[in-house]
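Written below as structure tokens is the structure these notes are about.
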Amino acid sequence: MTGIPHEHNGASLLGLPEAARQEHRITKKMLATQFEDQAPADARLLTKVVVSAQLVGILRPETIQVPKHQNTERTVVDIPVLEVALADKTTAADRTRVTELVHRSMAKPVVLLALMPDGTMVLSLALSHVSRTDPTRSTSVIDAHVTVPAGQIEPGALHLDRLDRTDMWALYRDLVRTAAADGQPAGTALQAADAIALRRRLTDLETELTIVVRDAKQARNQQQRIQLNTAARSLRAQITGVRGTLYSADHDIT
């Protein structure tokens, strides 16, 4: 795969040790095969949207010196790091769907970096569990999913040696928590699922604020402008509150 900025590729973003690095091409057929029987439309979407895919790393206890995770609910002994390039002329919704499908296509946590058509790199992470309705136990169900532009993550924040190394699942959850806060989470008490929910809430509020501000500028009478400006102040206060819960105090919120 070409065109991925070195500082934003999977190996660099995670600070992968040499022992954990890989360089293996993955065919689109391999990604789509899990969906061909039960969800052929999803299989077709994967084939259409993914231009190329590559395995760039595998996190294992022996390659990153982090113990495996195993209990009655979950076993995590390896975490693949994938890079995919996505096709031009595809909708944002389709691109998001495809990243979710890649996570679902494997019975394990996945670190996914997606090269967008405009050249930007997006990190996709998902809290998931092995599907209980899949007789082959080879696919996952997503509990929570987050995508973060790699370029806005604090440099070095996702390096493996800075994450929770209790076990493989703790490491992945800490990766999710840290990435959802752009590399600067508010504190260790912030859980991965909460960080995802906060980021989603922040995105929704910021989108709503943009619309309200636009409408206020276009309002035809003063009463409408007053109401919209009041709504904008309320939204800004909510955004400040969510940012304070998600990000550390020194995070740039401009």
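By convention in this document, the chains of the structure tokens carry letters A, B, ... by their order, each chain's residues are numbered from 1, and ligands are numbered from 1 in the order they are shown.
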
Inset, instruction - From a DSSP pass on the backbone, collect the residues of range 8-237 of chain A flagged as alpha helix (DSSP H) and hand them back as a PyMOL selection string. - result: chain A and resi 10-14+28-32+40-49+61-64+92-104+168-180+192-218+222-237

Sort by chain and increasing residue number a table of all residues of range 74-138 of chain A within 12 Å of range 182-191 of chain A, each with its closest pair of atoms and their distance in Å to one decimal, counting only C-alpha atoms, and write it as JSON lines.
```
{"residue": "A:Val122", "atom": "CA", "partner": "A:Asp182", "partner_atom": "CA", "distance": 11.7}
{"residue": "A:Leu123", "atom": "CA", "partner": "A:Asp182", "partner_atom": "CA", "distance": 10.5}
{"residue": "A:Leu127", "atom": "CA", "partner": "A:Gln191", "partner_atom": "CA", "distance": 11.5}
```

Inset, instruction - Mind the document's chain letters and residue numbers, and return as a PyMOL selection string the residues of range 44-151 of chain A that DSSP labels strand (DSSP E or B). - result: chain A and resi 50-59+69-70+75-76+79-86+111-115+121-130+140-149

List as a tab-separated table every residue of range 90-116 of chain A that is in contact with range 12-15 of chain A, defined as an atom at most 12 Å from one of its atoms (using only C-alpha atoms), together with the nearest atom pair and the distance in Å rounded to one decimal, sorted by chain and then rising number.
```
residue	atom	partner	partner_atom	distance
A:Val111	CA	A:Leu14	CA	9.7
A:Leu112	CA	A:Leu13	CA	11.3
A:Leu113	CA	A:Leu13	CA	9.7
```

Legend entry - Residues within 8 Å of range 56-70 of chain A, only C-alpha atoms, excluding chain neighbours under 6 positions, as a ChimeraX atom specification: /A:10-11,16-17,19-24,76-83,165-169

Could you write out that same residue set with C-alpha atoms as a PDB file, in the first residue's frame?
```
ATOM      1  CA  GLY A  10      -0.036   1.922  12.184  1.00  0.00           C
ATOM      2  CA  ALA A  11       3.520   1.029  13.145  1.00  0.00           C
ATOM      3  CA  LEU A  16       5.305  -0.897  17.361  1.00  0.00           C
ATOM      4  CA  PRO A  17       8.448  -2.814  18.273  1.00  0.00           C
ATOM      5  CA  ALA A  19       9.010  -7.939  16.541  1.00  0.00           C
ATOM      6  CA  ALA A  20       5.350  -6.904  16.196  1.00  0.00           C
ATOM      7  CA  ARG A  21       5.632  -5.468  12.690  1.00  0.00           C
ATOM      8  CA  GLN A  22       4.286  -7.277   9.648  1.00  0.00           C
ATOM      9  CA  GLU A  23       3.959  -6.594   5.951  1.00  0.00           C
ATOM     10  CA  HIS A  24       1.326  -8.806   4.393  1.00  0.00           C
ATOM     11  CA  VAL A  76      -7.637 -11.833  23.691  1.00  0.00           C
ATOM     12  CA  VAL A  77      -4.331 -13.319  22.592  1.00  0.00           C
ATOM     13  CA  ASP A  78      -3.602 -11.181  19.524  1.00  0.00           C
ATOM     14  CA  ILE A  79      -4.662  -7.865  18.011  1.00  0.00           C
ATOM     15  CA  PRO A  80      -4.056  -7.258  14.289  1.00  0.00           C
ATOM     16  CA  VAL A  81      -3.098  -3.812  13.014  1.00  0.00           C
ATOM     17  CA  LEU A  82      -4.538  -3.207   9.548  1.00  0.00           C
ATOM     18  CA  GLU A  83      -4.254  -0.419   7.012  1.00  0.00           C
ATOM     19  CA  ARG A 165      -0.150  -3.103  30.006  1.00  0.00           C
ATOM     20  CA  THR A 166      -2.088  -5.199  32.531  1.00  0.00           C
ATOM     21  CA  ASP A 167      -3.186  -7.549  29.730  1.00  0.00           C
ATOM     22  CA  MET A 168      -4.131  -7.440  26.054  1.00  0.00           C
ATOM     23  CA  TRP A 169      -7.750  -6.397  26.588  1.00  0.00           C
TER      24      TRP A 169
END
```

Legend entry - Interatomic distance (Å, one decimal) between CA of Ile211 in chain A and CA of Ala249 in chain A: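 For CA of Ile211 in chain A relative to CA of Ala249 in chain A, the distance reads 27.3 Å.
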
Inset, instruction - Can you pull out every residue within 9 Å of Asn229 in chain A, counting only C-alpha atoms, but drop anything in the same chain fewer than 4 positions away, and send it as a PyMOL selection string? - result: chain A and resi 212-213+216+224-225+233-234

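Note that CA of Arg200 in chain A and CA of Asp174 in chain A are 17.5 Å apart.
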
Inset, instruction - Determine the nearest neighbour of Glu154 in chain A from the options A:Thr133, A:Ser128, A:Thr178, A:Ser52, counting only C-alpha atoms. - result: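 Comparing A:Thr133, A:Ser128, A:Thr178, A:Ser52 against Glu154 in chain A, the winner is A:Thr178.
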
Inset, instruction - Would you list the contacts of Ala41 in chain A as a PyMOL selection string, taking every protein, DNA or RNA residue within 12 Å and counting only C-alpha atoms, but skipping same-chain residues closer than 5 positions in sequence? - result: chain A and resi 32-36+46-48+94+97-98+101

Legend entry - Who sits within 7 Å of range 140-151 of chain A, only C-alpha atoms, same chain under 5 positions skipped, as a PyMOL selection string: chain A and resi 8+104-107+121-131+179-180+193+196

For the selection just defined, write its residues with N, CA and C atoms to a file, as a PDB file, in the first residue's frame.
```pdb
ATOM      1  N   HIS A   8       1.745   8.667  10.428  1.00  0.00           N
ATOM      2  CA  HIS A   8       0.366   8.287  10.732  1.00  0.00           C
ATOM      3  C   HIS A   8       0.086   6.823  10.418  1.00  0.00           C
ATOM      4  N   ARG A 104     -16.070  -6.190  12.433  1.00  0.00           N
ATOM      5  CA  ARG A 104     -16.977  -7.329  12.615  1.00  0.00           C
ATOM      6  C   ARG A 104     -16.448  -8.605  11.968  1.00  0.00           C
ATOM      7  N   SER A 105     -15.593  -8.465  10.978  1.00  0.00           N
ATOM      8  CA  SER A 105     -15.152  -9.629  10.202  1.00  0.00           C
ATOM      9  C   SER A 105     -14.178 -10.522  10.957  1.00  0.00           C
ATOM     10  N   MET A 106     -13.729 -10.090  12.128  1.00  0.00           N
ATOM     11  CA  MET A 106     -12.759 -10.870  12.890  1.00  0.00           C
ATOM     12  C   MET A 106     -13.252 -11.082  14.319  1.00  0.00           C
ATOM     13  N   ALA A 107     -12.865 -12.190  14.909  1.00  0.00           N
ATOM     14  CA  ALA A 107     -13.305 -12.528  16.270  1.00  0.00           C
ATOM     15  C   ALA A 107     -12.277 -12.055  17.289  1.00  0.00           C
ATOM     16  N   MET A 121      -5.721  10.264   7.153  1.00  0.00           N
ATOM     17  CA  MET A 121      -5.757   8.942   7.762  1.00  0.00           C
ATOM     18  C   MET A 121      -6.670   8.979   8.981  1.00  0.00           C
ATOM     19  N   VAL A 122      -7.542   7.988   9.083  1.00  0.00           N
ATOM     20  CA  VAL A 122      -8.483   7.894  10.196  1.00  0.00           C
ATOM     21  C   VAL A 122      -8.218   6.603  10.958  1.00  0.00           C
ATOM     22  N   LEU A 123      -8.123   6.714  12.282  1.00  0.00           N
ATOM     23  CA  LEU A 123      -7.974   5.546  13.144  1.00  0.00           C
ATOM     24  C   LEU A 123      -9.356   5.067  13.559  1.00  0.00           C
ATOM     25  N   SER A 124      -9.617   3.793  13.356  1.00  0.00           N
ATOM     26  CA  SER A 124     -10.908   3.192  13.707  1.00  0.00           C
ATOM     27  C   SER A 124     -10.679   2.107  14.758  1.00  0.00           C
ATOM     28  N   LEU A 125     -11.419   2.213  15.862  1.00  0.00           N
ATOM     29  CA  LEU A 125     -11.313   1.249  16.958  1.00  0.00           C
ATOM     30  C   LEU A 125     -12.720   0.857  17.395  1.00  0.00           C
ATOM     31  N   ALA A 126     -12.873  -0.369  17.881  1.00  0.00           N
ATOM     32  CA  ALA A 126     -14.201  -0.832  18.287  1.00  0.00           C
ATOM     33  C   ALA A 126     -14.100  -1.722  19.517  1.00  0.00           C
ATOM     34  N   LEU A 127     -14.937  -1.427  20.491  1.00  0.00           N
ATOM     35  CA  LEU A 127     -15.141  -2.349  21.604  1.00  0.00           C
ATOM     36  C   LEU A 127     -16.131  -3.393  21.101  1.00  0.00           C
ATOM     37  N   SER A 128     -15.739  -4.650  21.119  1.00  0.00           N
ATOM     38  CA  SER A 128     -16.567  -5.687  20.511  1.00  0.00           C
ATOM     39  C   SER A 128     -16.465  -6.976  21.305  1.00  0.00           C
ATOM     40  N   HIS A 129     -17.325  -7.920  20.958  1.00  0.00           N
ATOM     41  CA  HIS A 129     -17.245  -9.262  21.538  1.00  0.00           C
ATOM     42  C   HIS A 129     -17.566 -10.288  20.457  1.00  0.00           C
ATOM     43  N   VAL A 130     -17.075 -11.489  20.633  1.00  0.00           N
ATOM     44  CA  VAL A 130     -17.303 -12.538  19.646  1.00  0.00           C
ATOM     45  C   VAL A 130     -18.801 -12.817  19.543  1.00  0.00           C
ATOM     46  N   SER A 131     -19.282 -12.904  18.307  1.00  0.00           N
ATOM     47  CA  SER A 131     -20.707 -13.131  18.076  1.00  0.00           C
ATOM     48  C   SER A 131     -21.154 -14.471  18.657  1.00  0.00           C
ATOM     49  N   ALA A 179      -7.432   7.307  22.391  1.00  0.00           N
ATOM     50  CA  ALA A 179      -7.693   7.805  21.036  1.00  0.00           C
ATOM     51  C   ALA A 179      -8.966   8.642  20.981  1.00  0.00           C
ATOM     52  N   ALA A 180     -10.011   8.209  21.692  1.00  0.00           N
ATOM     53  CA  ALA A 180     -11.278   8.946  21.674  1.00  0.00           C
ATOM     54  C   ALA A 180     -11.114  10.364  22.206  1.00  0.00           C
ATOM     55  N   ALA A 193     -15.642   3.010  27.038  1.00  0.00           N
ATOM     56  CA  ALA A 193     -17.001   3.195  26.511  1.00  0.00           C
ATOM     57  C   ALA A 193     -17.510   4.604  26.790  1.00  0.00           C
ATOM     58  N   ILE A 196     -15.905   7.059  24.309  1.00  0.00           N
ATOM     59  CA  ILE A 196     -16.565   7.009  23.006  1.00  0.00           C
ATOM     60  C   ILE A 196     -17.884   7.780  23.046  1.00  0.00           C
TER      61      ILE A 196
END
```

Legend entry - Atomic separation - CA of Val242 in chain A relative to CA of Leu175 in chain A, Å: 19.9 Å
